[in-house]
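Asker: Got a structure for you, written out below as structure tokens; questions coming shortly.
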Amino acid sequence: MRIAVQQQAFDPGEWLNRLQGDNQGTGAVVGFVGYVRDYNDGDPVAGMWLEHYPGMTEKALQGIADQASERWPLLDVQLIHRVGQLDPGEPIVFVGAASAHRQAAFAATEFIMDYLKTRAPFWKRETTPQGERWVESRESDEQALERWSSQP
Amino acid sequence: MRIAVQQQAFDPGEWLNRLQGDNQGTGAVVGFVGYVRDYNDGDPVAGMWLEHYPGMTEKALQGIADQASERWPLLDVQLIHRVGQLDPGEPIVFVGAASAHRQAAFAATEFIMDYLKTRAPFWKRETTPQGERWVESRESDEQALERWSSQP
Amino acid sequence: MINLQFFARYREQLDCEAEQLPWDASLQTLADVRQHLLARGEQWQVLAEPRIMCARNQELCSLEALIADGDELAFFPPVTGG
Amino acid sequence: MINLQFFARYREQLDCEAEQLPWDASLQTLADVRQHLLARGEQWQVLAEPRIMCARNQELCSLEALIADGDELAFFPPVTGG
């Protein structure tokens with residue numbers, strides 16, 4: 001398992017390939033990549049700045065990954081999230097899970113993203129023609145979280 | 001959209017990275033990689049041979065990808081499946097989808113995998129200490145398919 | 001003429017990957033073709049499996065699908081790719 | 001002593017990223033601390049937002065969580081990472 005929070009760019013493909021590792025019991029790997037889009041809420045976005053809560057961020061991500069590992073039979077989890085200044089088109093986050101079968105890898109990756117979106121201390125501020133603005137949290141992200149309390 | 005069926009090895013990371021393309025409206029990319037495991041049904045697996053139905057395979061995969069594109073607002077789909085002889089640890093299949101938001105990318109990738117597993121003409125024959133054997137289809141794969149007939 | 005194809009375990013057990021069947025209007029569906037093959041004897045009973053899959057002109061179909069002269073028909077066990 | 005931290009929009013609107021508050025046994029919960037800050041005047045009303053999130057010693061908690069001398073407390077708007 002590897003968790004990183006960093007300013008430097010990263011290569012999502014490398015992170016995906018790393019999930020299998022040397023484990024030939026791995027049958028399924030799922031990876032998610034979040035990118036900076038060039039528009040949001042109807043406005044063009046020229047750039048983004050990501051604030052976080054140093055110290056807490058790493059703990060929060062580790063806690064989310066641990067929860068996923070308790071819930072599904074995972075062989076690996078890899079998670080990286082950028083902070084600081086980003087350009088449109090740049091990867092912000094990679095989350096991936098490896099397992100023997102695909103259902104666990106899919107569910108764990110979605111679970112980690114849903115928790116990351118609503119429980120990890122990151123905040124996006126984007127640059128639009130009207131100036132800088134903080135991105136508003138989305139109700140749909142809270143709703144996405146709810147299904148994990150009922151579903152196995 | 002790109003769909004390939006080939007004997008040659010491929011790099012899953014490259015296929016993942018290709019999904020964003022030049023589209024800065026892409027906010028979310030999900031990729032799935034299936035690998036040859038070194039055991040199955042309790043037996044060690046020394047290798048695998050993948051048979052397919054040339055001509056029909058490509059059409060079937062295209063049809064599945066098209067269905068996913070009609071169902072979710074996808075910006076790209078990439079799919080590659082190997083045929084012929086494979087060693088344990090080698091990637092068999094990559095399926096990925098790009099979208100503005102993550103829910104569509106996750107759902108489409110799972111949908112394509114569920115259909116590929118049960119509707120695309122591939123057959124696995126694995127080499128075990130007892131000799132060659134054809135892999136049996138799994139009931140759980142048929143069940144995975146059923147949810148898509150009810151769910152939006 | 002009907003072009004028949006068999007894949008994977010069926011291909012091996014029948015020791016046949018393709019054959020041509022003269023067009024015969026009494027064979028209206030894939031189920032009729034399957035019945036015709038089963039009548040050939042012991043070796044062909046593998047096609048009696050309830051989970052058999054089939055395709056007409058490279059598209060999955062049910063055994064009840066109607067066929068036409070010149071069709072490419074295929075019989076195969078449940079698929080196991082991915 | 002209580003170590004207070006503010007992030008993102010709150011940090012900007014309060015023009016404050018961190019401050020120390022003398023330990024005061026009457027402040028039993030994060031809600032008490034928040035009330036104490038709201039009493040400072042207009043600028044601090046941003047903390048009245050119903051969707052405010054908070055953490056105690058770098059773990060998410062509810063406003064009803066009990067606090068202790070030496071705690072690191074943080075208030076912030078709903079998170080928007082990923």
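Here's how to read the names in the structure tokens: chain A, B, ... by the order shown, residue numbers from 1 in each chain, ligand numbers from 1 in the order shown.
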Would you mind aligning chain D to chain C, a least-squares fit over all C-alpha atoms taken in order, and returning the superposed chain as a compact mmCIF listing (two decimals) with C-alpha atoms, in the first residue's frame?
Answerer:
```txt
# COMPACT_ATOMS: atom_id res chain seq x y z
CA MET D 1 -25.26 -23.59 -47.98
CA ILE D 2 -24.87 -23.07 -44.22
CA ASN D 3 -21.43 -22.37 -42.77
CA LEU D 4 -21.03 -23.98 -39.36
CA GLN D 5 -18.38 -23.13 -36.81
CA PHE D 6 -17.46 -24.64 -33.45
CA PHE D 7 -15.26 -23.14 -30.78
CA ALA D 8 -13.23 -24.05 -27.71
CA ARG D 9 -14.33 -27.24 -25.94
CA TYR D 10 -16.88 -28.08 -28.65
CA ARG D 11 -14.29 -27.63 -31.40
CA GLU D 12 -11.95 -30.00 -29.54
CA GLN D 13 -14.55 -32.61 -28.62
CA LEU D 14 -16.08 -32.64 -32.13
CA ASP D 15 -12.62 -32.46 -33.67
CA CYS D 16 -14.18 -29.97 -36.07
CA GLU D 17 -13.76 -26.23 -36.30
CA ALA D 18 -15.90 -25.62 -39.36
CA GLU D 19 -18.05 -27.44 -41.89
CA GLN D 20 -20.54 -26.65 -44.60
CA LEU D 21 -24.07 -27.97 -44.48
CA PRO D 22 -26.21 -28.03 -47.65
CA TRP D 23 -29.14 -25.62 -47.40
CA ASP D 24 -32.29 -27.47 -46.39
CA ALA D 25 -35.51 -25.52 -45.96
CA SER D 26 -36.65 -27.89 -43.21
CA LEU D 27 -33.92 -26.48 -40.96
CA GLN D 28 -35.67 -23.30 -39.92
CA THR D 29 -33.90 -22.37 -36.69
CA LEU D 30 -30.57 -22.91 -34.99
CA ALA D 31 -32.36 -25.41 -32.76
CA ASP D 32 -33.23 -27.43 -35.89
CA VAL D 33 -29.59 -27.40 -36.98
CA ARG D 34 -28.50 -28.47 -33.53
CA GLN D 35 -31.05 -31.32 -33.59
CA HIS D 36 -29.75 -32.38 -36.98
CA LEU D 37 -26.19 -32.52 -35.60
CA LEU D 38 -27.23 -34.39 -32.43
CA ALA D 39 -28.76 -37.08 -34.64
CA ARG D 40 -25.29 -37.87 -35.98
CA GLY D 41 -24.43 -39.91 -32.90
CA GLU D 42 -22.54 -40.12 -29.63
CA GLN D 43 -19.70 -37.68 -30.35
CA TRP D 44 -22.14 -34.87 -31.08
CA GLN D 45 -23.99 -35.07 -27.75
CA VAL D 46 -21.74 -32.33 -26.39
CA LEU D 47 -24.07 -29.95 -28.24
CA ALA D 48 -26.94 -31.11 -26.04
CA GLU D 49 -25.60 -29.03 -23.15
CA PRO D 50 -28.31 -26.71 -21.87
CA ARG D 51 -25.91 -23.78 -21.52
CA ILE D 52 -24.81 -23.90 -25.17
CA MET D 53 -24.42 -20.48 -26.80
CA CYS D 54 -24.84 -19.71 -30.49
CA ALA D 55 -24.41 -16.94 -33.02
CA ARG D 56 -25.92 -16.19 -36.41
CA ASN D 57 -23.74 -14.18 -38.77
CA GLN D 58 -21.41 -13.27 -35.94
CA GLU D 59 -24.10 -11.99 -33.62
CA LEU D 60 -25.25 -13.78 -30.48
CA CYS D 61 -28.75 -15.17 -30.88
CA SER D 62 -31.13 -17.64 -29.29
CA LEU D 63 -31.58 -21.20 -30.55
CA GLU D 64 -35.02 -20.10 -31.77
CA ALA D 65 -33.53 -17.59 -34.24
CA LEU D 66 -34.56 -18.20 -37.86
CA ILE D 67 -31.83 -18.98 -40.36
CA ALA D 68 -31.38 -18.36 -44.08
CA ASP D 69 -29.34 -19.83 -46.90
CA GLY D 70 -25.76 -18.54 -46.76
CA ASP D 71 -25.76 -17.96 -42.98
CA GLU D 72 -22.70 -18.41 -40.81
CA LEU D 73 -23.82 -20.24 -37.67
CA ALA D 74 -21.65 -20.93 -34.64
CA PHE D 75 -22.09 -23.10 -31.54
CA PHE D 76 -19.92 -22.66 -28.48
CA PRO D 77 -19.76 -23.17 -24.70
CA PRO D 78 -20.33 -20.20 -22.32
CA VAL D 79 -17.67 -17.60 -22.94
CA THR D 80 -14.86 -17.01 -20.42
CA GLY D 81 -12.88 -13.98 -21.55
CA GLY D 82 -11.79 -10.89 -19.65
```
Asker: Distance cut-off 7 Å, counting only C-alpha atoms - which residues of chain B neighbour chain C? Return them as number ranges by chain.
Answerer: B: 34, 51, 56, 92-93, 116-124, 134-135, 137
Asker: Convert the current residue selection to file output with N, CA and C atoms, as a PDB file, in the first residue's frame.
Answerer:
```
ATOM      1  N   GLY B  34      -7.319  -6.821 -16.371  1.00  0.00           N
ATOM      2  CA  GLY B  34      -7.411  -8.223 -15.968  1.00  0.00           C
ATOM      3  C   GLY B  34      -6.081  -8.899 -16.244  1.00  0.00           C
ATOM      4  N   GLU B  51      -8.675 -18.565 -26.836  1.00  0.00           N
ATOM      5  CA  GLU B  51      -9.286 -18.740 -28.161  1.00  0.00           C
ATOM      6  C   GLU B  51     -10.343 -17.654 -28.352  1.00  0.00           C
ATOM      7  N   MET B  56     -16.258 -12.009 -35.286  1.00  0.00           N
ATOM      8  CA  MET B  56     -17.332 -11.728 -34.336  1.00  0.00           C
ATOM      9  C   MET B  56     -16.810 -10.983 -33.099  1.00  0.00           C
ATOM     10  N   ILE B  92      -4.356  -9.487 -19.580  1.00  0.00           N
ATOM     11  CA  ILE B  92      -5.225 -10.096 -20.607  1.00  0.00           C
ATOM     12  C   ILE B  92      -6.057  -9.027 -21.283  1.00  0.00           C
ATOM     13  N   VAL B  93      -6.584  -8.108 -20.463  1.00  0.00           N
ATOM     14  CA  VAL B  93      -7.583  -7.177 -20.979  1.00  0.00           C
ATOM     15  C   VAL B  93      -7.432  -5.818 -20.293  1.00  0.00           C
ATOM     16  N   LEU B 116     -18.567  -8.058 -21.449  1.00  0.00           N
ATOM     17  CA  LEU B 116     -17.449  -8.754 -22.081  1.00  0.00           C
ATOM     18  C   LEU B 116     -17.331 -10.175 -21.528  1.00  0.00           C
ATOM     19  N   LYS B 117     -17.448 -10.294 -20.207  1.00  0.00           N
ATOM     20  CA  LYS B 117     -17.287 -11.592 -19.536  1.00  0.00           C
ATOM     21  C   LYS B 117     -18.342 -12.612 -19.954  1.00  0.00           C
ATOM     22  N   THR B 118     -19.500 -12.152 -20.362  1.00  0.00           N
ATOM     23  CA  THR B 118     -20.615 -13.072 -20.602  1.00  0.00           C
ATOM     24  C   THR B 118     -21.122 -13.066 -22.046  1.00  0.00           C
ATOM     25  N   ARG B 119     -20.662 -12.110 -22.858  1.00  0.00           N
ATOM     26  CA  ARG B 119     -21.209 -11.985 -24.208  1.00  0.00           C
ATOM     27  C   ARG B 119     -20.169 -11.894 -25.316  1.00  0.00           C
ATOM     28  N   ALA B 120     -18.902 -11.747 -24.980  1.00  0.00           N
ATOM     29  CA  ALA B 120     -17.883 -11.653 -26.031  1.00  0.00           C
ATOM     30  C   ALA B 120     -17.232 -13.024 -26.215  1.00  0.00           C
ATOM     31  N   PRO B 121     -17.041 -13.459 -27.490  1.00  0.00           N
ATOM     32  CA  PRO B 121     -16.612 -14.831 -27.758  1.00  0.00           C
ATOM     33  C   PRO B 121     -15.111 -15.075 -27.528  1.00  0.00           C
ATOM     34  N   PHE B 122     -14.760 -15.189 -26.226  1.00  0.00           N
ATOM     35  CA  PHE B 122     -13.405 -15.602 -25.823  1.00  0.00           C
ATOM     36  C   PHE B 122     -13.540 -16.835 -24.951  1.00  0.00           C
ATOM     37  N   TRP B 123     -12.549 -17.718 -25.046  1.00  0.00           N
ATOM     38  CA  TRP B 123     -12.520 -18.913 -24.179  1.00  0.00           C
ATOM     39  C   TRP B 123     -11.106 -19.130 -23.685  1.00  0.00           C
ATOM     40  N   LYS B 124     -11.005 -19.369 -22.376  1.00  0.00           N
ATOM     41  CA  LYS B 124      -9.689 -19.582 -21.751  1.00  0.00           C
ATOM     42  C   LYS B 124      -9.431 -21.070 -21.534  1.00  0.00           C
ATOM     43  N   TRP B 134     -10.323 -26.386 -19.950  1.00  0.00           N
ATOM     44  CA  TRP B 134     -11.081 -25.184 -20.304  1.00  0.00           C
ATOM     45  C   TRP B 134     -11.651 -24.568 -19.033  1.00  0.00           C
ATOM     46  N   VAL B 135     -11.505 -23.267 -18.905  1.00  0.00           N
ATOM     47  CA  VAL B 135     -12.031 -22.562 -17.739  1.00  0.00           C
ATOM     48  C   VAL B 135     -13.555 -22.567 -17.805  1.00  0.00           C
ATOM     49  N   SER B 137     -17.262 -21.114 -17.061  1.00  0.00           N
ATOM     50  CA  SER B 137     -17.870 -19.800 -16.827  1.00  0.00           C
ATOM     51  C   SER B 137     -18.418 -19.759 -15.406  1.00  0.00           C
TER      52      SER B 137
END
```
Asker: Can you list, as number ranges by chain, every protein, DNA or RNA residue that comes within 9 Å of Thr128 (chain A) when you count only C-alpha atoms, leaving out same-chain residues fewer than 4 positions away?
Answerer: A: 39, 43-47, 132-133
Asker: Next, the residues of the selection above should be written as a CSV table (one decimal), in the first residue's frame with N, CA and C atoms.
Answerer:
```csv
chain,number,residue,atom,x,y,z
A,39,TYR,N,-13.4,23.6,-17.6
A,39,TYR,CA,-14.6,24.4,-17.3
A,39,TYR,C,-15.2,23.8,-16.1
A,43,ASP,N,-18.3,27.9,-16.4
A,43,ASP,CA,-17.3,28.9,-16.6
A,43,ASP,C,-16.0,28.2,-17.0
A,44,PRO,N,-15.2,28.8,-17.9
A,44,PRO,CA,-13.9,28.3,-18.2
A,44,PRO,C,-13.0,28.4,-17.0
A,45,VAL,N,-12.1,27.4,-16.8
A,45,VAL,CA,-11.2,27.4,-15.7
A,45,VAL,C,-9.8,27.4,-16.2
A,46,ALA,N,-9.0,28.4,-15.8
A,46,ALA,CA,-7.7,28.6,-16.3
A,46,ALA,C,-6.6,27.9,-15.4
A,47,GLY,N,-7.0,27.5,-14.2
A,47,GLY,CA,-6.1,26.9,-13.3
A,47,GLY,C,-6.8,26.6,-12.0
A,132,GLU,N,-10.8,34.4,-8.8
A,132,GLU,CA,-10.6,33.1,-8.0
A,132,GLU,C,-11.9,32.8,-7.3
A,133,ARG,N,-12.3,31.5,-7.2
A,133,ARG,CA,-13.4,31.1,-6.5
A,133,ARG,C,-13.2,29.7,-5.9
```
Asker: I need the residues in region 11-73 of chain B that are strand (DSSP E) according to DSSP; give them as a ChimeraX atom specification.
Answerer: /B:28-35,39-40,43-44,47-52
Asker: Considering only helix (DSSP H, G or I) as DSSP defines it on the backbone, what residues of chain B qualify? List them as a PDB file with N, CA and C atoms, in the first residue's frame.
Answerer:
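Printed below is out-v3.pdb as written:
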```
ATOM      1  N   PRO B  12      -0.815  -1.607 -19.903  1.00  0.00           N
ATOM      2  CA  PRO B  12      -2.060  -1.044 -19.366  1.00  0.00           C
ATOM      3  C   PRO B  12      -1.937   0.449 -19.030  1.00  0.00           C
ATOM      4  N   GLY B  13      -0.795   0.856 -18.490  1.00  0.00           N
ATOM      5  CA  GLY B  13      -0.601   2.262 -18.128  1.00  0.00           C
ATOM      6  C   GLY B  13      -0.735   3.189 -19.323  1.00  0.00           C
ATOM      7  N   GLU B  14      -0.187   2.749 -20.470  1.00  0.00           N
ATOM      8  CA  GLU B  14      -0.319   3.569 -21.688  1.00  0.00           C
ATOM      9  C   GLU B  14      -1.775   3.714 -22.098  1.00  0.00           C
ATOM     10  N   TRP B  15      -2.516   2.618 -21.979  1.00  0.00           N
ATOM     11  CA  TRP B  15      -3.933   2.652 -22.365  1.00  0.00           C
ATOM     12  C   TRP B  15      -4.722   3.535 -21.414  1.00  0.00           C
ATOM     13  N   LEU B  16      -4.374   3.495 -20.142  1.00  0.00           N
ATOM     14  CA  LEU B  16      -5.055   4.378 -19.176  1.00  0.00           C
ATOM     15  C   LEU B  16      -4.799   5.844 -19.530  1.00  0.00           C
ATOM     16  N   ASN B  17      -3.547   6.165 -19.774  1.00  0.00           N
ATOM     17  CA  ASN B  17      -3.191   7.569 -20.034  1.00  0.00           C
ATOM     18  C   ASN B  17      -3.817   8.094 -21.326  1.00  0.00           C
ATOM     19  N   ARG B  18      -4.057   7.184 -22.262  1.00  0.00           N
ATOM     20  CA  ARG B  18      -4.602   7.595 -23.553  1.00  0.00           C
ATOM     21  C   ARG B  18      -6.060   8.073 -23.443  1.00  0.00           C
ATOM     22  N   MET B  56     -16.258 -12.009 -35.286  1.00  0.00           N
ATOM     23  CA  MET B  56     -17.332 -11.728 -34.336  1.00  0.00           C
ATOM     24  C   MET B  56     -16.810 -10.983 -33.099  1.00  0.00           C
ATOM     25  N   THR B  57     -15.601 -11.330 -32.643  1.00  0.00           N
ATOM     26  CA  THR B  57     -15.075 -10.737 -31.421  1.00  0.00           C
ATOM     27  C   THR B  57     -15.083  -9.210 -31.489  1.00  0.00           C
ATOM     28  N   GLU B  58     -14.511  -8.681 -32.547  1.00  0.00           N
ATOM     29  CA  GLU B  58     -14.412  -7.230 -32.680  1.00  0.00           C
ATOM     30  C   GLU B  58     -15.803  -6.595 -32.725  1.00  0.00           C
ATOM     31  N   LYS B  59     -16.712  -7.232 -33.469  1.00  0.00           N
ATOM     32  CA  LYS B  59     -18.087  -6.687 -33.551  1.00  0.00           C
ATOM     33  C   LYS B  59     -18.744  -6.698 -32.184  1.00  0.00           C
ATOM     34  N   ALA B  60     -18.555  -7.802 -31.436  1.00  0.00           N
ATOM     35  CA  ALA B  60     -19.186  -7.917 -30.125  1.00  0.00           C
ATOM     36  C   ALA B  60     -18.655  -6.829 -29.184  1.00  0.00           C
ATOM     37  N   LEU B  61     -17.337  -6.631 -29.198  1.00  0.00           N
ATOM     38  CA  LEU B  61     -16.743  -5.623 -28.310  1.00  0.00           C
ATOM     39  C   LEU B  61     -17.209  -4.221 -28.703  1.00  0.00           C
ATOM     40  N   GLN B  62     -17.258  -3.978 -30.010  1.00  0.00           N
ATOM     41  CA  GLN B  62     -17.739  -2.671 -30.483  1.00  0.00           C
ATOM     42  C   GLN B  62     -19.184  -2.446 -30.037  1.00  0.00           C
ATOM     43  N   GLY B  63     -19.993  -3.487 -30.143  1.00  0.00           N
ATOM     44  CA  GLY B  63     -21.397  -3.367 -29.741  1.00  0.00           C
ATOM     45  C   GLY B  63     -21.531  -3.055 -28.252  1.00  0.00           C
ATOM     46  N   ILE B  64     -20.707  -3.689 -27.431  1.00  0.00           N
ATOM     47  CA  ILE B  64     -20.764  -3.448 -25.988  1.00  0.00           C
ATOM     48  C   ILE B  64     -20.328  -2.013 -25.673  1.00  0.00           C
ATOM     49  N   ALA B  65     -19.247  -1.579 -26.330  1.00  0.00           N
ATOM     50  CA  ALA B  65     -18.766  -0.206 -26.099  1.00  0.00           C
ATOM     51  C   ALA B  65     -19.806   0.815 -26.565  1.00  0.00           C
ATOM     52  N   ASP B  66     -20.479   0.519 -27.678  1.00  0.00           N
ATOM     53  CA  ASP B  66     -21.517   1.431 -28.170  1.00  0.00           C
ATOM     54  C   ASP B  66     -22.690   1.518 -27.194  1.00  0.00           C
ATOM     55  N   GLN B  67     -23.079   0.369 -26.651  1.00  0.00           N
ATOM     56  CA  GLN B  67     -24.162   0.372 -25.660  1.00  0.00           C
ATOM     57  C   GLN B  67     -23.801   1.243 -24.459  1.00  0.00           C
ATOM     58  N   ALA B  68     -22.552   1.113 -23.994  1.00  0.00           N
ATOM     59  CA  ALA B  68     -22.109   1.921 -22.846  1.00  0.00           C
ATOM     60  C   ALA B  68     -22.162   3.402 -23.198  1.00  0.00           C
ATOM     61  N   SER B  69     -21.774   3.726 -24.429  1.00  0.00           N
ATOM     62  CA  SER B  69     -21.746   5.139 -24.836  1.00  0.00           C
ATOM     63  C   SER B  69     -23.140   5.729 -24.961  1.00  0.00           C
ATOM     64  N   GLU B  70     -24.116   4.856 -25.266  1.00  0.00           N
ATOM     65  CA  GLU B  70     -25.498   5.360 -25.337  1.00  0.00           C
ATOM     66  C   GLU B  70     -26.065   5.579 -23.944  1.00  0.00           C
ATOM     67  N   ARG B  71     -25.554   4.826 -23.009  1.00  0.00           N
ATOM     68  CA  ARG B  71     -26.130   4.796 -21.662  1.00  0.00           C
ATOM     69  C   ARG B  71     -25.539   5.879 -20.757  1.00  0.00           C
ATOM     70  N   ARG B 102     -17.111  11.177 -12.259  1.00  0.00           N
ATOM     71  CA  ARG B 102     -16.636   9.810 -12.028  1.00  0.00           C
ATOM     72  C   ARG B 102     -17.715   8.738 -12.110  1.00  0.00           C
ATOM     73  N   GLN B 103     -18.968   9.059 -11.746  1.00  0.00           N
ATOM     74  CA  GLN B 103     -19.990   8.011 -11.709  1.00  0.00           C
ATOM     75  C   GLN B 103     -20.147   7.332 -13.077  1.00  0.00           C
ATOM     76  N   ALA B 104     -20.188   8.125 -14.140  1.00  0.00           N
ATOM     77  CA  ALA B 104     -20.354   7.568 -15.483  1.00  0.00           C
ATOM     78  C   ALA B 104     -19.161   6.703 -15.871  1.00  0.00           C
ATOM     79  N   ALA B 105     -17.961   7.149 -15.524  1.00  0.00           N
ATOM     80  CA  ALA B 105     -16.762   6.401 -15.912  1.00  0.00           C
ATOM     81  C   ALA B 105     -16.699   5.061 -15.176  1.00  0.00           C
ATOM     82  N   PHE B 106     -17.038   5.070 -13.882  1.00  0.00           N
ATOM     83  CA  PHE B 106     -17.058   3.814 -13.124  1.00  0.00           C
ATOM     84  C   PHE B 106     -18.121   2.867 -13.675  1.00  0.00           C
ATOM     85  N   ALA B 107     -19.337   3.376 -13.814  1.00  0.00           N
ATOM     86  CA  ALA B 107     -20.440   2.515 -14.235  1.00  0.00           C
ATOM     87  C   ALA B 107     -20.174   1.926 -15.618  1.00  0.00           C
ATOM     88  N   ALA B 108     -19.703   2.752 -16.545  1.00  0.00           N
ATOM     89  CA  ALA B 108     -19.483   2.273 -17.913  1.00  0.00           C
ATOM     90  C   ALA B 108     -18.397   1.196 -17.941  1.00  0.00           C
ATOM     91  N   THR B 109     -17.341   1.383 -17.174  1.00  0.00           N
ATOM     92  CA  THR B 109     -16.253   0.401 -17.185  1.00  0.00           C
ATOM     93  C   THR B 109     -16.737  -0.942 -16.622  1.00  0.00           C
ATOM     94  N   GLU B 110     -17.521  -0.889 -15.539  1.00  0.00           N
ATOM     95  CA  GLU B 110     -18.059  -2.127 -14.960  1.00  0.00           C
ATOM     96  C   GLU B 110     -19.035  -2.802 -15.920  1.00  0.00           C
ATOM     97  N   PHE B 111     -19.872  -1.973 -16.532  1.00  0.00           N
ATOM     98  CA  PHE B 111     -20.847  -2.474 -17.511  1.00  0.00           C
ATOM     99  C   PHE B 111     -20.140  -3.198 -18.654  1.00  0.00           C
ATOM    100  N   ILE B 112     -19.122  -2.580 -19.215  1.00  0.00           N
ATOM    101  CA  ILE B 112     -18.403  -3.193 -20.338  1.00  0.00           C
ATOM    102  C   ILE B 112     -17.767  -4.510 -19.902  1.00  0.00           C
ATOM    103  N   MET B 113     -17.157  -4.524 -18.710  1.00  0.00           N
ATOM    104  CA  MET B 113     -16.541  -5.771 -18.232  1.00  0.00           C
ATOM    105  C   MET B 113     -17.591  -6.862 -18.020  1.00  0.00           C
ATOM    106  N   ASP B 114     -18.722  -6.495 -17.433  1.00  0.00           N
ATOM    107  CA  ASP B 114     -19.757  -7.503 -17.184  1.00  0.00           C
ATOM    108  C   ASP B 114     -20.266  -8.105 -18.496  1.00  0.00           C
ATOM    109  N   TYR B 115     -20.432  -7.269 -19.509  1.00  0.00           N
ATOM    110  CA  TYR B 115     -20.884  -7.784 -20.808  1.00  0.00           C
ATOM    111  C   TYR B 115     -19.787  -8.565 -21.520  1.00  0.00           C
ATOM    112  N   LEU B 116     -18.567  -8.058 -21.449  1.00  0.00           N
ATOM    113  CA  LEU B 116     -17.449  -8.754 -22.081  1.00  0.00           C
ATOM    114  C   LEU B 116     -17.331 -10.175 -21.528  1.00  0.00           C
ATOM    115  N   LYS B 117     -17.448 -10.294 -20.207  1.00  0.00           N
ATOM    116  CA  LYS B 117     -17.287 -11.592 -19.536  1.00  0.00           C
ATOM    117  C   LYS B 117     -18.342 -12.612 -19.954  1.00  0.00           C
ATOM    118  N   THR B 118     -19.500 -12.152 -20.362  1.00  0.00           N
ATOM    119  CA  THR B 118     -20.615 -13.072 -20.602  1.00  0.00           C
ATOM    120  C   THR B 118     -21.122 -13.066 -22.046  1.00  0.00           C
ATOM    121  N   ARG B 119     -20.662 -12.110 -22.858  1.00  0.00           N
ATOM    122  CA  ARG B 119     -21.209 -11.985 -24.208  1.00  0.00           C
ATOM    123  C   ARG B 119     -20.169 -11.894 -25.316  1.00  0.00           C
ATOM    124  N   GLU B 139     -21.102 -18.492 -12.542  1.00  0.00           N
ATOM    125  CA  GLU B 139     -22.487 -18.046 -12.351  1.00  0.00           C
ATOM    126  C   GLU B 139     -22.529 -16.580 -11.902  1.00  0.00           C
ATOM    127  N   SER B 140     -21.524 -16.187 -11.101  1.00  0.00           N
ATOM    128  CA  SER B 140     -21.500 -14.812 -10.575  1.00  0.00           C
ATOM    129  C   SER B 140     -21.363 -13.792 -11.710  1.00  0.00           C
ATOM    130  N   ASP B 141     -20.784 -14.211 -12.842  1.00  0.00           N
ATOM    131  CA  ASP B 141     -20.670 -13.273 -13.960  1.00  0.00           C
ATOM    132  C   ASP B 141     -22.030 -13.010 -14.608  1.00  0.00           C
ATOM    133  N   GLU B 142     -22.845 -14.077 -14.688  1.00  0.00           N
ATOM    134  CA  GLU B 142     -24.198 -13.886 -15.217  1.00  0.00           C
ATOM    135  C   GLU B 142     -25.026 -12.999 -14.278  1.00  0.00           C
ATOM    136  N   GLN B 143     -24.808 -13.226 -12.973  1.00  0.00           N
ATOM    137  CA  GLN B 143     -25.548 -12.414 -11.997  1.00  0.00           C
ATOM    138  C   GLN B 143     -25.147 -10.947 -12.088  1.00  0.00           C
ATOM    139  N   ALA B 144     -23.841 -10.717 -12.298  1.00  0.00           N
ATOM    140  CA  ALA B 144     -23.352  -9.332 -12.378  1.00  0.00           C
ATOM    141  C   ALA B 144     -24.064  -8.597 -13.515  1.00  0.00           C
ATOM    142  N   LEU B 145     -24.387  -9.343 -14.562  1.00  0.00           N
ATOM    143  CA  LEU B 145     -25.012  -8.734 -15.728  1.00  0.00           C
ATOM    144  C   LEU B 145     -26.437  -8.263 -15.438  1.00  0.00           C
ATOM    145  N   GLU B 146     -27.106  -9.004 -14.570  1.00  0.00           N
ATOM    146  CA  GLU B 146     -28.540  -8.758 -14.360  1.00  0.00           C
ATOM    147  C   GLU B 146     -28.856  -7.372 -13.812  1.00  0.00           C
ATOM    148  N   ARG B 147     -27.939  -6.867 -12.985  1.00  0.00           N
ATOM    149  CA  ARG B 147     -28.236  -5.552 -12.385  1.00  0.00           C
ATOM    150  C   ARG B 147     -28.412  -4.455 -13.422  1.00  0.00           C
ATOM    151  N   TRP B 148     -27.765  -4.623 -14.607  1.00  0.00           N
ATOM    152  CA  TRP B 148     -27.852  -3.549 -15.606  1.00  0.00           C
ATOM    153  C   TRP B 148     -29.208  -3.487 -16.282  1.00  0.00           C
ATOM    154  N   SER B 149     -30.018  -4.541 -16.145  1.00  0.00           N
ATOM    155  CA  SER B 149     -31.335  -4.479 -16.782  1.00  0.00           C
ATOM    156  C   SER B 149     -32.317  -3.671 -15.931  1.00  0.00           C
ATOM    157  N   SER B 150     -32.071  -3.593 -14.630  1.00  0.00           N
ATOM    158  CA  SER B 150     -32.964  -2.803 -13.787  1.00  0.00           C
ATOM    159  C   SER B 150     -32.424  -1.395 -13.550  1.00  0.00           C
TER     160      SER B 150
END
```
Asker: So that I can see what lies close to Gln78 (chain B), please list as a CSV table (one decimal) with N, CA and C atoms, in the first residue's frame the residues with an atom at most 7 Å from it, counting only C-alpha atoms and leaving out residues fewer than 5 positions away in the same chain.
Answerer:
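The resulting file, selection_23.csv, is reproduced below:
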```
chain,number,residue,atom,x,y,z
B,1,MET,N,-12.5,6.5,-29.5
B,1,MET,CA,-12.8,5.1,-29.1
B,1,MET,C,-11.8,4.2,-29.9
B,2,ARG,N,-11.3,3.2,-29.2
B,2,ARG,CA,-10.4,2.3,-29.8
B,2,ARG,C,-10.6,0.9,-29.3
B,3,ILE,N,-10.7,-0.1,-30.1
B,3,ILE,CA,-10.9,-1.5,-29.7
B,3,ILE,C,-9.9,-2.3,-30.5
B,19,LEU,N,-6.8,7.7,-22.4
B,19,LEU,CA,-8.2,8.0,-22.3
B,19,LEU,C,-8.5,9.4,-22.2
B,95,VAL,N,-9.9,-2.3,-20.1
B,95,VAL,CA,-11.1,-1.6,-20.4
B,95,VAL,C,-11.1,-0.3,-19.7
B,96,GLY,N,-11.3,0.8,-20.4
B,96,GLY,CA,-11.4,2.1,-19.7
B,96,GLY,C,-12.4,3.0,-20.3
B,97,ALA,N,-12.9,4.0,-19.5
B,97,ALA,CA,-13.8,5.0,-19.9
B,97,ALA,C,-13.5,6.3,-19.3
```
